[in-house]
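Here is the structure we will look at, set down as structure tokens.
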Amino acid sequence: MLAAMLLAGCGSGDDGGTSGGRDGGTGGGAVGGDLTGTLTVFAAASLTGVFTDLGDRLEADHPDLDVQFNFAGSSALATQITQGAPADVFASANTGQMNVVADADLADGEPEVFTANVLEIAVPAGNPADVTGLADFEREELALAVCAPEVPCGAAAEDVFAAAGVTARPDTQEEDVRAALTKVELGEVDAALVYATDVAAAGDSVEGISFPEAEDAVNDYPVCVLADAPNPAAARAFVELVLSDEGRTALADAGFRTP
Amino acid sequence: MRRRRARGGQGSVPVPLLVPAVVAVAFLVLPLVGLLVRTPWSELGSQLTAPGVGQALRLSLVSASLATAVSLVLGVPLAWVLARSRIRGRGVLRALVTVPLVLPPVVGGVALFLVLGRQGIVGRWLDEAFGITIPFTTTAVVIAETFVAMPFLVISVEGALRAADARYEEAAATLGADRWTTFRRVTLPLVAPGIAAGAVLCWARALGEFGATITFAGNFPGTTQTMPLAVYLALQRDPESAIVLSLVLLVVSLATLLLLRGRWLGRAGAAP
Amino acid sequence: MSLTAEVRVQRGPLAVELDVQVADGEVLAVLGPNGAGKSTLLRVLAGLLAPDGGRVEVDGEPWDDVAAGVHLPPHRRRLGMVFQDHLLFPHLTVTDNVAFGLRTRGAGRREARAAAAGWLARVELADLGARRPAQLSGGQAQRVALARALAGEPALLLLDEPLSALDARTRLTVRAELRRHLGAFPGSTVLVTHDPIDAMALADRVLVVEDGMVVQAGPPAEVARRPRTDYVARLVGLSLLPGTGEGTTVRLDGGGRVAVAEETAGPVLVAVRPESVALWPQRPDGSPRNTWPVVLTGATPHGATVRCELAGEVPLLADVTAASFAEMGLAPGARLWATVKASEVAVYAR
């Protein structure tokens, strides 16, 4: 019956399915027709952990539903969607790439911001170079990584450096957060500027250092059901789950912040 | 009448070969056509003279050429060992040589870190003993490209060595040449076409190298940002400029290869 | 003895056991069918193949001694080798090919090229020094290969089927030239061939090899006269007669004349196969042009035929069937007439 409630909430925008009832099992789903078929979600790579988890929960409630994910950089996903990739849901790591999709009239309704991410300094476990804040990115003797200005986390990095008046001397401008984080994990750089969620996901080999200037570049994550979605009912159910309290709790656990 | 038909039959390609060949050409050429169609020709000039482009192009050409040079110096002797020596474990050695061919380049980059990185087996020692760190330098670009591209050279040179008549080497031995002299004065000139072909393959592969480079050398304009990295990053923000950059890389590499080929074939034509 | 070799090699099913001695200035022909172990012997002498047993000694210097663990690599042996398909280095000019062995043995470029030019002049190819091997005819290439092998002034010259890749006409002229150079060569020569004419024309001694073993050894004429096996008989039955060509007639050095089908001039060798010689008790009627009185001096039966040694103005070998040998009641000392058709007489320049 809870699943039915969830379905009933679809489209209303802010109904979240009471989180306590999640254990209630999968019995329902008859109201409004159970969800079947395949649901294809295109989501920013930083959402991999949370969305996989949420997808499992949705599948548990709807045994006949198969949730498939395509996790990649938001711009790559936006390109694939505009080139006609058959997706039901798009969750972007920034509003810019969501706008690319929305401007092409491929979004069903207004995209909704469901969470946000802020930058954090990632250092190898033990923080061997004694990095304490953004100013350490001026230290020439350190091996430092930021994201390339062409990708969202790099653009955000430029913003925070500008706001802090720091002239960063990075050794490398990585193509995405994951690449920057890998170099921290391997101990090949002393610090990298990445998202808080990436630090949370990285495990014990990486420590995160938050800094006040991060508030100057809060990164919003919008989500939408796509206009050409092959499975719009399931798409709406997934978006509802993401926007629910249950979804927000899961996001918060992964280091995301509530918008 | 009959004679003309016979002559036509000699030059024509049998249908079972012609059809797949045409499909193959279409398969290879159409994506290129796609690029050309989408090229914003009006912006071409401004894109080409954008400050980062020349830098990335120069870095690409220099590092690919250096990687080819390193591959020649190390890879030709390795190919000789694989083709001519009777050392044990040659089969295993050959399989190991092809590892970089099947390894995803990004993984190759990580593997290079584990050896030559600051924390790597060799890199740690280099850092402590000489204060040398390799990652995020142009040297790292050359190393990453060499790692990925050298197998192409080794495999083609080994093939050339196997195809070459080893009796010429015996003839040289009966004329007083030791193995090194034989290698230098007989083997090397005999397999020169194979080496040239291998070097071209190697250079082309190094020029297009992306994964191992961006992983091991990182990406920084002027130091480690080669054209493929610039193209990839441009794609994140401005697909049209990515197309222009790809086109530049394509034109420059094709021009280089045609130039080399013309010069090389010219020499080969004089001495059949 | 300049070359002394006892060679023991196992090559798959073939056990090669050959003992070879060649004096300075002597040419030994190793004659035998394909797969008899001839080339294996040559490769061992060259150092390209290490023997399983035995020794190779040249001018008292051990090149191979399996018991003593001695194996000199090919490049440290003072030898020259000519291969069947010349194996001239395709990327070097003719001059540089000939100079190659001199350069590897320490000569300067200029010096080596000058010496190479001298050798090219000796094989009458002085004008072709700047060419590449691909621009030479087969005969020219093989003469360059000979010059290349001789230029290093080797102690041992190895010839591996040097003429068999050439067409018949070229073979004659190259063989004649080879004969001249071998005559002038002071070291030992081992010639491997499956062509008895090469062996007869070029060698001082013949070693007939079958299945890795020597079946017969001796001077060419001796081996031809007294073949010890059918194989040898078939192989080396030629009578070789030196003479001077005068149109379709050859005046033999030992007196007598032989009519031939082709016009020739100058010094030539006439070759007559024993099976083409017919014997008659009386001078035959309507005699062919080649009819000579002969005396039977020896007879060796092999298989169904008897090889007859004939003395006279024109010494010959003749094969007759055992039946007609008995029918004619032949015995040494018998006076007979021998005839040969002009078209069955081979003649070539020497």
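Going through the structure tokens in order, the chains are called A, B, and so on, while each chain numbers its residues from 1 and the ligands are numbered from 1 in the order shown.
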Can I get the residues of chain B within 9 Å of chain A, each with the closest pair of atoms and their distance in Å to one decimal, using only C-alpha atoms, sorted chain first then ascending number, as CSV?
```
residue,atom,partner,partner_atom,distance
B:Val110,CA,A:Leu186,CA,8.6
B:Phe113,CA,A:Glu188,CA,7.7
B:Leu114,CA,A:Leu186,CA,8.0
B:Gly117,CA,A:Glu188,CA,6.3
B:Arg118,CA,A:Glu188,CA,5.7
B:Gln119,CA,A:Gly187,CA,6.5
B:Gly120,CA,A:Glu188,CA,8.9
B:Pro135,CA,A:Glu188,CA,7.8
B:Phe136,CA,A:Asp171,CA,6.1
B:Thr137,CA,A:Asp171,CA,8.5
B:Ile214,CA,A:Glu174,CA,7.5
B:Thr215,CA,A:Ala179,CA,7.0
B:Phe216,CA,A:Lys183,CA,8.9
B:Ala217,CA,A:Thr172,CA,8.0
B:Gly218,CA,A:Thr172,CA,5.1
B:Asn219,CA,A:Thr172,CA,4.8
B:Phe220,CA,A:Thr172,CA,4.9
B:Pro221,CA,A:Gln173,CA,8.5
B:Thr224,CA,A:Thr172,CA,8.1
B:Leu229,CA,A:Glu175,CA,8.4
B:Tyr232,CA,A:Glu175,CA,8.2
B:Leu233,CA,A:Glu150,CA,5.8
B:Ala234,CA,A:Glu150,CA,6.7
B:Leu235,CA,A:Glu150,CA,8.4
B:Gln236,CA,A:Ser75,CA,5.8
B:Arg237,CA,A:Glu150,CA,5.6
B:Asp238,CA,A:Glu150,CA,8.7
```
Polymer residues at most 8 Å from Gly194 in chain B, only C-alpha atoms, same-chain spacing of 6 or more positions, as number ranges by chain: B: 156-157, 159-160
Just need the residues of chain B within 10 Å of chain C, counting only C-alpha atoms, so spit them out as a short mmCIF file (atom, residue, chain, number, x, y, z; two decimals) with C-alpha atoms, in the first residue's frame.
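Final file, out.cif:
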```
data_model
loop_
_atom_site.label_atom_id
_atom_site.label_comp_id
_atom_site.auth_asym_id
_atom_site.auth_seq_id
_atom_site.Cartn_x
_atom_site.Cartn_y
_atom_site.Cartn_z
CA ASP B 165 65.51 -13.91 -45.02
CA ARG B 167 70.26 -16.37 -44.61
CA TYR B 168 71.50 -12.86 -45.38
CA GLU B 169 72.63 -12.77 -41.77
CA GLU B 170 74.40 -16.09 -42.27
CA ALA B 171 76.09 -14.71 -45.37
CA ALA B 172 77.26 -11.72 -43.32
CA ALA B 173 78.62 -14.07 -40.65
CA THR B 174 80.67 -15.96 -43.23
CA LEU B 175 82.07 -12.59 -44.27
CA GLY B 176 83.44 -11.95 -40.80
CA ALA B 177 80.59 -9.89 -39.36
CA ASP B 178 79.77 -10.52 -35.70
CA ARG B 179 76.12 -10.41 -34.66
CA THR B 181 77.79 -5.73 -37.07
CA THR B 182 75.37 -8.02 -38.89
CA ARG B 185 74.81 -3.38 -41.52
CA VAL B 186 72.50 -6.12 -42.80
CA THR B 187 69.43 -6.79 -40.65
CA PRO B 189 68.65 -2.05 -43.62
CA LEU B 190 66.75 -5.17 -44.70
CA ALA B 271 66.64 1.39 -54.78
CA PRO B 272 64.27 -1.49 -55.32
#
```
Within 8 Å of Pro105 in chain B using only C-alpha atoms, minus same-chain residues under 5 positions, as a list in words: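 The contact residues come out as Pro100, Val148, Phe210, Gly211 and Ala212 of chain B.
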Å distance separating CA of Ala26 in chain B from CA of Val102 in chain B, one decimal place: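 For CA of Ala26 in chain B relative to CA of Val102 in chain B, the distance reads 26.3 Å.
The space separating CA of Val99 in chain B from CA of Pro151 in chain B comes to 8.4 Å.
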Straight-line distance linking CA of Trp80 in chain B with CA of Trp203 in chain B, stated in Å to one decimal: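 For CA of Trp80 in chain B relative to CA of Trp203 in chain B, the distance reads 20.0 Å.
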Contacts of range 237-240 of chain C at 7 Å (only C-alpha atoms; same-chain gap of 2+ positions) as a list in words: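 Near range 237-240 of chain C, the qualifying residues are Ala224, Ala233, Arg234, Leu235, Pro242, Leu269, Val270, Ala271, Val272, Arg273, Pro274, Leu316 and Leu317 of chain C.
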Output N, CA and C atoms for every residue in the selection just made, as a PDB file, in the first residue's frame.
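again-v1.pdb was written with the following content:
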```
ATOM      1  N   ALA C 224      84.126 -42.096 -62.114  1.00  0.00           N
ATOM      2  CA  ALA C 224      83.264 -42.343 -63.272  1.00  0.00           C
ATOM      3  C   ALA C 224      83.555 -43.710 -63.884  1.00  0.00           C
ATOM      4  N   ALA C 233      76.984 -44.728 -60.530  1.00  0.00           N
ATOM      5  CA  ALA C 233      77.086 -44.977 -61.971  1.00  0.00           C
ATOM      6  C   ALA C 233      76.156 -44.052 -62.748  1.00  0.00           C
ATOM      7  N   ARG C 234      74.936 -43.991 -62.300  1.00  0.00           N
ATOM      8  CA  ARG C 234      73.983 -43.096 -62.974  1.00  0.00           C
ATOM      9  C   ARG C 234      74.451 -41.659 -62.886  1.00  0.00           C
ATOM     10  N   LEU C 235      75.027 -41.342 -61.740  1.00  0.00           N
ATOM     11  CA  LEU C 235      75.351 -39.954 -61.463  1.00  0.00           C
ATOM     12  C   LEU C 235      76.560 -39.497 -62.265  1.00  0.00           C
ATOM     13  N   PRO C 242      88.845 -32.674 -73.077  1.00  0.00           N
ATOM     14  CA  PRO C 242      89.204 -31.302 -73.407  1.00  0.00           C
ATOM     15  C   PRO C 242      89.614 -31.195 -74.878  1.00  0.00           C
ATOM     16  N   LEU C 269      85.057 -28.235 -73.406  1.00  0.00           N
ATOM     17  CA  LEU C 269      85.013 -29.594 -72.877  1.00  0.00           C
ATOM     18  C   LEU C 269      83.902 -30.323 -73.621  1.00  0.00           C
ATOM     19  N   VAL C 270      84.204 -31.561 -73.998  1.00  0.00           N
ATOM     20  CA  VAL C 270      83.192 -32.386 -74.644  1.00  0.00           C
ATOM     21  C   VAL C 270      82.765 -33.434 -73.622  1.00  0.00           C
ATOM     22  N   ALA C 271      81.453 -33.613 -73.456  1.00  0.00           N
ATOM     23  CA  ALA C 271      80.955 -34.585 -72.484  1.00  0.00           C
ATOM     24  C   ALA C 271      80.120 -35.634 -73.206  1.00  0.00           C
ATOM     25  N   VAL C 272      80.438 -36.884 -72.949  1.00  0.00           N
ATOM     26  CA  VAL C 272      79.693 -37.973 -73.577  1.00  0.00           C
ATOM     27  C   VAL C 272      79.172 -38.872 -72.469  1.00  0.00           C
ATOM     28  N   ARG C 273      77.889 -39.160 -72.493  1.00  0.00           N
ATOM     29  CA  ARG C 273      77.302 -40.037 -71.485  1.00  0.00           C
ATOM     30  C   ARG C 273      77.486 -41.491 -71.928  1.00  0.00           C
ATOM     31  N   PRO C 274      77.795 -42.379 -70.999  1.00  0.00           N
ATOM     32  CA  PRO C 274      78.096 -43.770 -71.398  1.00  0.00           C
ATOM     33  C   PRO C 274      76.925 -44.448 -72.097  1.00  0.00           C
ATOM     34  N   LEU C 316      86.754 -43.358 -73.850  1.00  0.00           N
ATOM     35  CA  LEU C 316      85.324 -43.220 -73.558  1.00  0.00           C
ATOM     36  C   LEU C 316      84.894 -44.226 -72.493  1.00  0.00           C
ATOM     37  N   LEU C 317      83.710 -43.984 -71.946  1.00  0.00           N
ATOM     38  CA  LEU C 317      83.021 -44.981 -71.137  1.00  0.00           C
ATOM     39  C   LEU C 317      81.758 -45.351 -71.891  1.00  0.00           C
TER      40      LEU C 317
END
```
Helix (DSSP H, G or I) call set, DSSP backbone run, range 143-244 of chain B, as a PyMOL selection string: chain B and resi 143-163+167-174+179-190+192-208+211-216+227-237+239-244
Members of range 16-179 of chain A assigned strand (DSSP E) by DSSP, as a VMD selection string: chain A and resid 37 to 44 65 to 72 89 to 91 107 to 117 119 to 124 144 to 147 172 to 174
Atoms kept (N, CA and C atoms) for selection, written as a CSV table (one decimal), in the first residue's frame:
```
chain,number,residue,atom,x,y,z
A,37,GLY,N,8.5,-3.0,-16.9
A,37,GLY,CA,9.4,-2.6,-18.0
A,37,GLY,C,10.8,-2.1,-17.4
A,38,THR,N,11.4,-1.4,-18.3
A,38,THR,CA,12.7,-0.9,-18.0
A,38,THR,C,12.7,0.6,-17.8
A,39,LEU,N,13.4,1.1,-16.7
A,39,LEU,CA,13.5,2.5,-16.4
A,39,LEU,C,15.0,2.9,-16.7
A,40,THR,N,15.2,3.8,-17.5
A,40,THR,CA,16.6,4.2,-17.8
A,40,THR,C,16.9,5.6,-17.2
A,41,VAL,N,17.8,5.6,-16.3
A,41,VAL,CA,18.2,6.9,-15.7
A,41,VAL,C,19.6,7.3,-16.1
A,42,PHE,N,19.7,8.6,-16.6
A,42,PHE,CA,20.9,9.2,-17.0
A,42,PHE,C,21.3,10.1,-15.8
A,43,ALA,N,22.4,9.8,-15.1
A,43,ALA,CA,22.7,10.6,-13.9
A,43,ALA,C,24.2,11.0,-13.9
A,44,ALA,N,24.5,12.1,-13.3
A,44,ALA,CA,25.8,12.6,-13.1
A,44,ALA,C,26.6,11.5,-12.3
A,65,LEU,N,9.8,-4.2,-12.4
A,65,LEU,CA,10.6,-3.0,-13.0
A,65,LEU,C,12.1,-3.3,-13.0
A,66,ASP,N,12.7,-2.9,-14.1
A,66,ASP,CA,14.1,-3.0,-14.1
A,66,ASP,C,14.8,-1.7,-14.3
A,67,VAL,N,15.5,-1.2,-13.3
A,67,VAL,CA,16.1,0.1,-13.4
A,67,VAL,C,17.5,0.0,-13.9
A,68,GLN,N,17.8,0.8,-15.0
A,68,GLN,CA,19.1,0.8,-15.6
A,68,GLN,C,19.7,2.2,-15.4
A,69,PHE,N,21.0,2.3,-15.1
A,69,PHE,CA,21.6,3.6,-15.0
A,69,PHE,C,22.7,3.8,-16.0
A,70,ASN,N,22.9,5.1,-16.4
A,70,ASN,CA,24.0,5.5,-17.2
A,70,ASN,C,24.7,6.6,-16.4
A,71,PHE,N,25.7,6.3,-15.7
A,71,PHE,CA,26.4,7.3,-14.9
A,71,PHE,C,27.6,7.9,-15.8
A,72,ALA,N,27.7,9.2,-15.9
A,72,ALA,CA,28.8,9.8,-16.7
A,72,ALA,C,28.8,11.2,-16.4
A,89,VAL,N,15.0,9.5,-17.3
A,89,VAL,CA,15.2,10.5,-16.3
A,89,VAL,C,16.6,11.1,-16.6
A,90,PHE,N,16.8,12.4,-16.4
A,90,PHE,CA,18.1,13.0,-16.4
A,90,PHE,C,18.4,13.7,-15.1
A,91,ALA,N,19.4,13.4,-14.4
A,91,ALA,CA,19.9,14.1,-13.2
A,91,ALA,C,21.2,14.7,-13.5
A,107,ALA,N,12.8,18.2,-21.8
A,107,ALA,CA,12.4,18.0,-20.5
A,107,ALA,C,10.9,18.1,-20.3
A,108,ASP,N,10.4,17.1,-19.6
A,108,ASP,CA,8.9,17.1,-19.3
A,108,ASP,C,8.7,18.0,-18.1
A,109,GLY,N,8.3,19.2,-18.3
A,109,GLY,CA,8.0,20.1,-17.2
A,109,GLY,C,9.3,20.8,-16.7
A,110,GLU,N,9.2,21.5,-15.6
A,110,GLU,CA,10.4,22.2,-15.1
A,110,GLU,C,11.3,21.3,-14.4
A,111,PRO,N,12.6,21.3,-14.7
A,111,PRO,CA,13.5,20.6,-13.9
A,111,PRO,C,13.5,21.1,-12.4
A,112,GLU,N,13.7,20.2,-11.5
A,112,GLU,CA,13.7,20.5,-10.1
A,112,GLU,C,15.0,20.3,-9.4
A,113,VAL,N,15.5,21.2,-8.7
A,113,VAL,CA,16.8,21.1,-8.0
A,113,VAL,C,16.5,20.1,-6.8
A,114,PHE,N,17.2,19.0,-6.7
A,114,PHE,CA,16.9,18.1,-5.6
A,114,PHE,C,18.0,18.0,-4.6
A,115,THR,N,19.2,18.5,-4.9
A,115,THR,CA,20.3,18.5,-3.9
A,115,THR,C,21.3,19.4,-4.4
A,116,ALA,N,22.4,19.6,-3.7
A,116,ALA,CA,23.5,20.4,-4.0
A,116,ALA,C,24.8,19.8,-3.5
A,117,ASN,N,25.9,20.3,-4.1
A,117,ASN,CA,27.2,19.8,-3.7
A,117,ASN,C,28.1,21.0,-3.5
A,119,LEU,N,32.4,22.2,-2.8
A,119,LEU,CA,33.8,21.8,-2.9
A,119,LEU,C,34.4,21.5,-1.5
A,120,GLU,N,35.3,20.5,-1.6
A,120,GLU,CA,36.1,20.2,-0.4
A,120,GLU,C,37.5,20.0,-0.8
A,121,ILE,N,38.4,20.1,0.1
A,121,ILE,CA,39.8,19.8,-0.2
A,121,ILE,C,40.0,18.3,0.1
A,122,ALA,N,40.4,17.5,-0.8
A,122,ALA,CA,40.7,16.1,-0.6
A,122,ALA,C,42.2,16.0,-0.4
A,123,VAL,N,42.6,15.3,0.7
A,123,VAL,CA,44.1,15.1,0.9
A,123,VAL,C,44.2,13.6,1.2
A,124,PRO,N,45.4,13.0,0.9
A,124,PRO,CA,45.6,11.6,1.2
A,124,PRO,C,45.5,11.4,2.7
A,144,LEU,N,49.5,19.5,-6.8
A,144,LEU,CA,48.1,19.9,-6.6
A,144,LEU,C,47.3,19.6,-7.8
A,145,ALA,N,46.1,19.2,-7.6
A,145,ALA,CA,45.2,18.9,-8.7
A,145,ALA,C,43.9,19.7,-8.5
A,146,VAL,N,43.4,20.2,-9.6
A,146,VAL,CA,42.1,20.8,-9.6
A,146,VAL,C,41.4,20.2,-10.9
A,147,CYS,N,40.1,20.5,-11.0
A,147,CYS,CA,39.4,20.1,-12.3
A,147,CYS,C,39.7,21.1,-13.4
A,172,THR,N,48.1,20.0,-12.3
A,172,THR,CA,47.3,19.3,-13.3
A,172,THR,C,45.8,19.8,-13.2
A,173,GLN,N,45.2,19.9,-14.4
A,173,GLN,CA,43.8,20.2,-14.4
A,173,GLN,C,43.0,18.9,-14.9
A,174,GLU,N,42.4,18.2,-14.0
A,174,GLU,CA,41.9,16.9,-14.3
A,174,GLU,C,40.6,17.0,-15.1
```
Residue neighbourhood Val22 in chain C, 9 Å, only C-alpha atoms, exclusion window fewer than 5 positions, as a PyMOL selection string: chain C and resi 1-5+27-28+188-190+205
Which of C:Ala331, C:Ala67, C:Val215, C:Val30 sits closest to Met200 in chain C [using only C-alpha atoms]: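 Of all the options, C:Val30 lies closest to Met200 in chain C.
Residues in contact with range 46-56 of chain B at 8 Å, where only C-alpha atoms are counted and same-chain residues fewer than 3 positions away are skipped, are listed as Glu43, Leu59, Ser60, Pro221, Gly222, Gln225, Thr226, Met227, Ala230, Ser241, Val244, Leu245 and Val248 of chain B.
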Which residue of C:Ala141, C:Ala342, C:Ala117, C:Met213 approaches Val250 in chain C most closely, using only C-alpha atoms: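 Ranked by minimum distance to Val250 in chain C, first place goes to C:Ala342.
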Contact residues around range 215-219 of chain A with only C-alpha atoms at 12 Å, ignoring same-chain residues under 3 positions, as a PyMOL selection string: chain A and resi 46+92-96+113-120+152-164+194-197+210-212+222+256-259
